file upload.pdb (PDB, C-alpha atoms)
ATOM      1  CA  PRO X1345       0.000   0.000   0.000  1.00  0.00           C
ATOM      2  CA  THR X1346       2.922   2.385   0.556  1.00  0.00           C
ATOM      3  CA  MET X1347       4.260   1.633  -2.950  1.00  0.00           C
ATOM      4  CA  ARG X1348       7.685   0.773  -1.609  1.00  0.00           C
ATOM      5  CA  THR X1349       9.916  -2.088  -2.649  1.00  0.00           C
ATOM      6  CA  ILE X1350       9.477  -5.047  -0.332  1.00  0.00           C
ATOM      7  CA  GLY X1351      11.863  -7.396  -2.094  1.00  0.00           C
ATOM      8  CA  THR X1352      13.022  -8.963  -5.322  1.00  0.00           C
ATOM      9  CA  LEU X1353      11.086 -11.794  -6.913  1.00  0.00           C
ATOM     10  CA  GLN X1354      13.118 -15.007  -6.802  1.00  0.00           C
ATOM     11  CA  ASP X1355      10.746 -17.794  -7.790  1.00  0.00           C
ATOM     12  CA  ALA X1356       7.152 -18.860  -8.231  1.00  0.00           C
ATOM     13  CA  LEU X1357       5.807 -21.411  -5.768  1.00  0.00           C
ATOM     14  CA  LEU X1358       3.431 -24.044  -7.091  1.00  0.00           C
ATOM     15  CA  ALA X1359       0.763 -26.194  -5.462  1.00  0.00           C
ATOM     16  CA  PRO X1360       1.867 -29.836  -5.036  1.00  0.00           C
ATOM     17  CA  ASP X1361      -0.310 -30.909  -8.002  1.00  0.00           C
ATOM     18  CA  LEU X1362       1.279 -28.150 -10.154  1.00  0.00           C
ATOM     19  CA  THR X1363      -2.113 -26.678 -11.083  1.00  0.00           C
ATOM     20  CA  ARG X1364      -1.663 -23.165  -9.674  1.00  0.00           C
ATOM     21  CA  ILE X1365       0.748 -20.588  -8.317  1.00  0.00           C
ATOM     22  CA  VAL X1366       0.336 -20.304  -4.540  1.00  0.00           C
ATOM     23  CA  GLY X1367       2.857 -17.544  -3.972  1.00  0.00           C
ATOM     24  CA  PHE X1368       6.222 -16.043  -4.776  1.00  0.00           C
ATOM     25  CA  SER X1369       9.537 -16.298  -2.983  1.00  0.00           C
ATOM     26  CA  LEU X1370      11.106 -12.879  -2.389  1.00  0.00           C
ATOM     27  CA  THR X1371      14.479 -11.736  -1.129  1.00  0.00           C
ATOM     28  CA  ARG X1372      14.098  -8.847   1.219  1.00  0.00           C
ATOM     29  CA  ALA X1373      15.163  -5.381   0.202  1.00  0.00           C
ATOM     30  CA  GLY X1374      18.530  -4.313   1.604  1.00  0.00           C
ATOM     31  CA  TYR X1375      22.002  -3.925   0.168  1.00  0.00           C
ATOM     32  CA  PHE X1376      24.368  -4.520   3.062  1.00  0.00           C
ATOM     33  CA  ARG X1377      22.827  -7.436   4.899  1.00  0.00           C
ATOM     34  CA  ARG X1378      22.021 -10.862   3.626  1.00  0.00           C
ATOM     35  CA  ARG X1379      18.375 -11.186   4.499  1.00  0.00           C
ATOM     36  CA  PRO X1380      16.321 -14.370   4.426  1.00  0.00           C
ATOM     37  CA  HIS X1381      13.703 -15.166   1.828  1.00  0.00           C
ATOM     38  CA  ARG X1382      10.051 -14.702   2.571  1.00  0.00           C
ATOM     39  CA  VAL X1383       6.947 -15.854   0.773  1.00  0.00           C
ATOM     40  CA  LEU X1384       4.295 -13.550  -0.628  1.00  0.00           C
ATOM     41  CA  ALA X1385       0.911 -15.286  -0.823  1.00  0.00           C
ATOM     42  CA  TRP X1386      -0.891 -15.274  -4.194  1.00  0.00           C
ATOM     43  CA  GLU X1387      -3.955 -13.773  -2.494  1.00  0.00           C
ATOM     44  CA  ALA X1388      -1.914 -10.696  -1.513  1.00  0.00           C
ATOM     45  CA  ILE X1389      -1.218  -9.751  -5.138  1.00  0.00           C
ATOM     46  CA  GLN X1390      -3.299  -6.875  -6.441  1.00  0.00           C
ATOM     47  CA  ALA X1391      -1.658  -6.330  -9.836  1.00  0.00           C
ATOM     48  CA  LEU X1392       0.871  -8.342 -11.810  1.00  0.00           C
ATOM     49  CA  ARG X1393       2.923  -6.568 -14.485  1.00  0.00           C
ATOM     50  CA  PRO X1394       5.924  -7.658 -16.606  1.00  0.00           C
ATOM     51  CA  THR X1395       8.415  -5.707 -14.476  1.00  0.00           C
ATOM     52  CA  HIS X1396       6.758  -5.519 -11.071  1.00  0.00           C
ATOM     53  CA  LEU X1397       3.830  -6.563  -8.949  1.00  0.00           C
ATOM     54  CA  VAL X1398       1.678  -4.656  -6.501  1.00  0.00           C
ATOM     55  CA  ALA X1399       0.681  -6.448  -3.323  1.00  0.00           C
ATOM     56  CA  GLN X1400      -0.323  -6.065   0.257  1.00  0.00           C
ATOM     57  CA  ALA X1401       2.626  -6.900   2.493  1.00  0.00           C
ATOM     58  CA  GLU X1402       1.061 -10.231   3.428  1.00  0.00           C
ATOM     59  CA  TYR X1403       3.435 -13.099   3.988  1.00  0.00           C
ATOM     60  CA  VAL X1404       2.914 -16.736   4.750  1.00  0.00           C
ATOM     61  CA  GLU X1405       5.055 -19.197   6.634  1.00  0.00           C
ATOM     62  CA  VAL X1406       7.174 -21.434   4.434  1.00  0.00           C
ATOM     63  CA  THR X1407       5.541 -24.822   4.822  1.00  0.00           C
ATOM     64  CA  GLU X1408       5.995 -28.168   3.182  1.00  0.00           C
ATOM     65  CA  GLY X1409       3.984 -28.535   0.041  1.00  0.00           C
ATOM     66  CA  PRO X1410       4.716 -25.612  -2.272  1.00  0.00           C
ATOM     67  CA  ILE X1411       7.213 -26.494  -4.972  1.00  0.00           C
ATOM     68  CA  ALA X1412       9.658 -23.903  -6.298  1.00  0.00           C
ATOM     69  CA  ALA X1413       9.361 -23.606 -10.076  1.00  0.00           C
ATOM     70  CA  MET X1414      13.148 -23.398 -10.494  1.00  0.00           C
ATOM     71  CA  GLU X1415      13.504 -26.859  -8.904  1.00  0.00           C
ATOM     72  CA  LEU X1416      11.413 -28.304 -11.744  1.00  0.00           C
ATOM     73  CA  ARG X1417      13.264 -26.703 -14.634  1.00  0.00           C
ATOM     74  CA  GLY X1418      15.101 -29.203 -16.817  1.00  0.00           C
ATOM     75  CA  ARG X1419      13.146 -32.224 -15.595  1.00  0.00           C
ATOM     76  CA  PRO X1420      11.805 -34.647 -18.200  1.00  0.00           C
ATOM     77  CA  VAL X1421       8.050 -34.454 -18.812  1.00  0.00           C
ATOM     78  CA  LEU X1422       6.080 -37.587 -19.659  1.00  0.00           C
ATOM     79  CA  GLY X1423       3.118 -37.010 -21.967  1.00  0.00           C
ATOM     80  CA  PRO X1424      -0.265 -38.757 -21.783  1.00  0.00           C
ATOM     81  CA  ASP X1425       1.185 -41.646 -23.827  1.00  0.00           C
ATOM     82  CA  ARG X1426       3.890 -42.056 -21.113  1.00  0.00           C
ATOM     83  CA  CYS X1427       6.616 -41.118 -23.613  1.00  0.00           C
ATOM     84  CA  GLU X1428       9.040 -38.308 -22.877  1.00  0.00           C
ATOM     85  CA  ALA X1429       7.592 -35.092 -24.320  1.00  0.00           C
ATOM     86  CA  GLY X1430      10.615 -32.903 -23.576  1.00  0.00           C
ATOM     87  CA  PHE X1431      12.272 -31.122 -20.675  1.00  0.00           C
ATOM     88  CA  LEU X1432      10.479 -28.466 -18.630  1.00  0.00           C
ATOM     89  CA  ASP X1433      11.718 -25.033 -19.665  1.00  0.00           C
ATOM     90  CA  ASP X1434       9.037 -22.700 -18.299  1.00  0.00           C
ATOM     91  CA  ILE X1435       5.570 -22.579 -16.770  1.00  0.00           C
ATOM     92  CA  HIS X1436       2.822 -20.332 -18.162  1.00  0.00           C
ATOM     93  CA  PHE X1437       0.038 -19.195 -15.841  1.00  0.00           C
ATOM     94  CA  ASP X1438      -3.039 -17.001 -15.906  1.00  0.00           C
ATOM     95  CA  PRO X1439      -2.002 -13.712 -14.246  1.00  0.00           C
ATOM     96  CA  ILE X1440      -5.530 -13.172 -12.892  1.00  0.00           C
ATOM     97  CA  THR X1441      -6.175 -16.556 -11.266  1.00  0.00           C
ATOM     98  CA  GLY X1442      -2.695 -18.038 -10.896  1.00  0.00           C
ATOM     99  CA  ARG X1443      -3.837 -21.240 -12.642  1.00  0.00           C
ATOM    100  CA  VAL X1444      -1.104 -23.039 -14.600  1.00  0.00           C
ATOM    101  CA  ILE X1445      -2.275 -23.109 -18.227  1.00  0.00           C
ATOM    102  CA  ALA X1446       0.712 -24.537 -20.111  1.00  0.00           C
ATOM    103  CA  LEU X1447       4.189 -26.004 -19.886  1.00  0.00           C
ATOM    104  CA  GLN X1448       6.923 -24.840 -22.210  1.00  0.00           C
ATOM    105  CA  LEU X1449       9.132 -27.760 -23.188  1.00  0.00           C
ATOM    106  CA  SER X1450      12.630 -27.887 -24.585  1.00  0.00           C
ATOM    107  CA  HIS X1451      13.947 -30.662 -26.810  1.00  0.00           C
ATOM    108  CA  GLY X1452      17.598 -29.625 -26.573  1.00  0.00           C
ATOM    109  CA  LEU X1453      19.473 -26.607 -27.878  1.00  0.00           C
ATOM    110  CA  VAL X1454      19.723 -27.684 -31.531  1.00  0.00           C
ATOM    111  CA  ASP X1455      16.069 -28.758 -31.833  1.00  0.00           C
ATOM    112  CA  ASP X1456      14.937 -25.603 -30.033  1.00  0.00           C
ATOM    113  CA  LEU X1457      16.891 -23.441 -32.498  1.00  0.00           C
ATOM    114  CA  PHE X1458      15.486 -25.166 -35.583  1.00  0.00           C
ATOM    115  CA  GLN X1459      11.978 -26.122 -34.448  1.00  0.00           C
ATOM    116  CA  GLY X1460      11.293 -23.877 -31.470  1.00  0.00           C
ATOM    117  CA  LYS X1461      10.184 -24.881 -28.019  1.00  0.00           C
ATOM    118  CA  GLY X1462       6.951 -26.765 -27.506  1.00  0.00           C
ATOM    119  CA  ILE X1463       3.948 -25.537 -25.545  1.00  0.00           C
ATOM    120  CA  VAL X1464       1.643 -28.121 -23.966  1.00  0.00           C
ATOM    121  CA  ALA X1465      -1.695 -27.056 -22.455  1.00  0.00           C
ATOM    122  CA  VAL X1466      -2.381 -28.102 -18.872  1.00  0.00           C
ATOM    123  CA  ASP X1467      -5.969 -28.977 -18.012  1.00  0.00           C
ATOM    124  CA  GLY X1468      -5.557 -30.972 -14.830  1.00  0.00           C
ATOM    125  CA  PRO X1469      -3.190 -31.990 -12.082  1.00  0.00           C
ATOM    126  CA  LEU X1470       0.370 -33.042 -12.795  1.00  0.00           C
ATOM    127  CA  ALA X1471       2.533 -35.282 -10.646  1.00  0.00           C
ATOM    128  CA  ILE X1472       6.201 -35.524  -9.838  1.00  0.00           C
ATOM    129  CA  TRP X1473       7.681 -39.023  -9.681  1.00  0.00           C
ATOM    130  CA  ASP X1474      11.362 -39.187  -8.790  1.00  0.00           C
ATOM    131  CA  ASP X1475      12.847 -36.701 -11.259  1.00  0.00           C
ATOM    132  CA  LEU X1476       9.957 -36.826 -13.756  1.00  0.00           C
ATOM    133  CA  ILE X1477       6.902 -34.682 -14.258  1.00  0.00           C
ATOM    134  CA  CYS X1478       3.959 -36.843 -15.303  1.00  0.00           C
ATOM    135  CA  PHE X1479       1.348 -35.277 -17.517  1.00  0.00           C
ATOM    136  CA  PRO X1480      -1.465 -35.805 -16.642  1.00  0.00           C
ATOM    137  CA  ALA X1481      -1.006 -37.030 -13.085  1.00  0.00           C
ATOM    138  CA  LEU X1482      -0.510 -40.763 -12.765  1.00  0.00           C
ATOM    139  CA  ASP X1483      -2.279 -42.933 -10.225  1.00  0.00           C
ATOM    140  CA  SER X1484       0.062 -44.576  -7.723  1.00  0.00           C
ATOM    141  CA  LYS X1485      -0.450 -47.907  -9.541  1.00  0.00           C
ATOM    142  CA  ASP X1486       0.946 -46.239 -12.697  1.00  0.00           C
ATOM    143  CA  ASP X1487       4.182 -45.053 -11.026  1.00  0.00           C
ATOM    144  CA  PRO X1488       6.823 -45.227 -13.773  1.00  0.00           C
ATOM    145  CA  GLY X1489       9.471 -46.103 -11.200  1.00  0.00           C
ATOM    146  CA  GLY X1490      12.932 -45.650 -12.657  1.00  0.00           C
ATOM    147  CA  VAL X1491      11.863 -44.345 -16.067  1.00  0.00           C
ATOM    148  CA  SER X1492      14.077 -41.465 -17.170  1.00  0.00           C
TER     149      SER X1492
END

call {"tool": "encode", "arguments": {"input": "upload.pdb", "output": "structure tokens"}}
result
Amino acid sequence: PTMRTIGTLQDALLAPDLTRIVGFSLTRAGYFRRRPHRVLAWEAIQALRPTHLVAQAEYVEVTEGPIAAMELRGRPVLGPDRCEAGFLDDIHFDPITGRVIALQLSHGLVDDLFQGKGIVAVDGPLAIWDDLICFPALDSKDDPGGVS
């Protein structure tokens, strides 16, 4: 509300089923002291712009459950046919609701240069098994185990 800088955006935090953004990790403002990260709840955001966001200074405790988007980058993504669809490069979300709407996939530097990166729409929950992202979410009986 005071229109002052409260920190620098570090990462998006996702719900465990990867369907929505639940908040953002921020580093606190300050040049001379290393200050710990804090989490800004999605509900606190009033406006989201390409270079900044406007929010109430409402923070939540860091709890188990939210997944940092940067931890997922580079992981293989299994498509509905259980074949590798590519590697997670980015996550696209609706800036109004925070709902994840698509995954941007890479197929390696050379393929990305010649063919571009792929975009896959998300219409339901996703799951993380070992170091894989399963799309759509697999039942526990469908766990791919050591597939990589």

call {"tool": "resolve_selection", "arguments": {"input": "upload.pdb", "expression": "the PyMOL selection byres ((chain X and resi 1430) around 8)", "output": "PyMOL selection string"}}
result
chain X and resi 1420-1422+1428-1429+1431-1432+1449-1451

call {"tool": "write_last_selection", "arguments": {"input": "upload.pdb", "atoms": "C-alpha atoms", "output": "PDB file, in the frame of the given file"}}
result
ATOM      1  CA  PRO X1420      11.805 -34.647 -18.200  1.00  0.00           C
ATOM      2  CA  VAL X1421       8.050 -34.454 -18.812  1.00  0.00           C
ATOM      3  CA  LEU X1422       6.080 -37.587 -19.659  1.00  0.00           C
ATOM      4  CA  GLU X1428       9.040 -38.308 -22.877  1.00  0.00           C
ATOM      5  CA  ALA X1429       7.592 -35.092 -24.320  1.00  0.00           C
ATOM      6  CA  PHE X1431      12.272 -31.122 -20.675  1.00  0.00           C
ATOM      7  CA  LEU X1432      10.479 -28.466 -18.630  1.00  0.00           C
ATOM      8  CA  LEU X1449       9.132 -27.760 -23.188  1.00  0.00           C
ATOM      9  CA  SER X1450      12.630 -27.887 -24.585  1.00  0.00           C
ATOM     10  CA  HIS X1451      13.947 -30.662 -26.810  1.00  0.00           C
TER      11      HIS X1451
END

call {"tool": "closest_atom_pairs", "arguments": {"input": "upload.pdb", "of": "segment 1416-1443 of chain X", "to": "segment 1381-1390 of chain X", "cutoff": "10 Å", "atoms": "only C-alpha atoms", "output": "CSV"}}
result
residue,atom,partner,partner_atom,distance
X:Pro1439,CA,X:Ile1389,CA,10.0
X:Ile1440,CA,X:Gln1390,CA,9.3
X:Thr1441,CA,X:Trp1386,CA,8.9
X:Gly1442,CA,X:Trp1386,CA,7.5

call {"tool": "resolve_selection", "arguments": {"input": "upload.pdb", "expression": "the PyMOL selection byres ((chain X and resi 1361) around 6)", "output": "list in words"}}
result
Ala1359, Pro1360, Leu1362, Thr1363, Pro1469, Leu1470 and Ala1471 of chain X

call {"tool": "closest_residue", "arguments": {"input": "upload.pdb", "among": "X:Lys1461, X:Arg1443, X:His1436, X:Arg1348", "to": "Val1366 of chain X", "atoms": "all atoms listed in the file"}}
result
X:Arg1443

call {"tool": "atom_distance", "arguments": {"input": "upload.pdb", "atom1": "atom CA of Arg1419 of chain X", "atom2": "atom CA of Asp1433 of chain X"}}
result
8.4 Å

call {"tool": "axis_aligned_box", "arguments": {"input": "upload.pdb", "around": "segment 1462-1471 of chain X", "padding_each_side": "3 Å", "output": "lines of an AutoDock Vina configuration file"}}
result
center_x = 0.5
center_y = -30.4
center_z = -19.1
size_x = 18.9
size_y = 15.7
size_z = 22.9
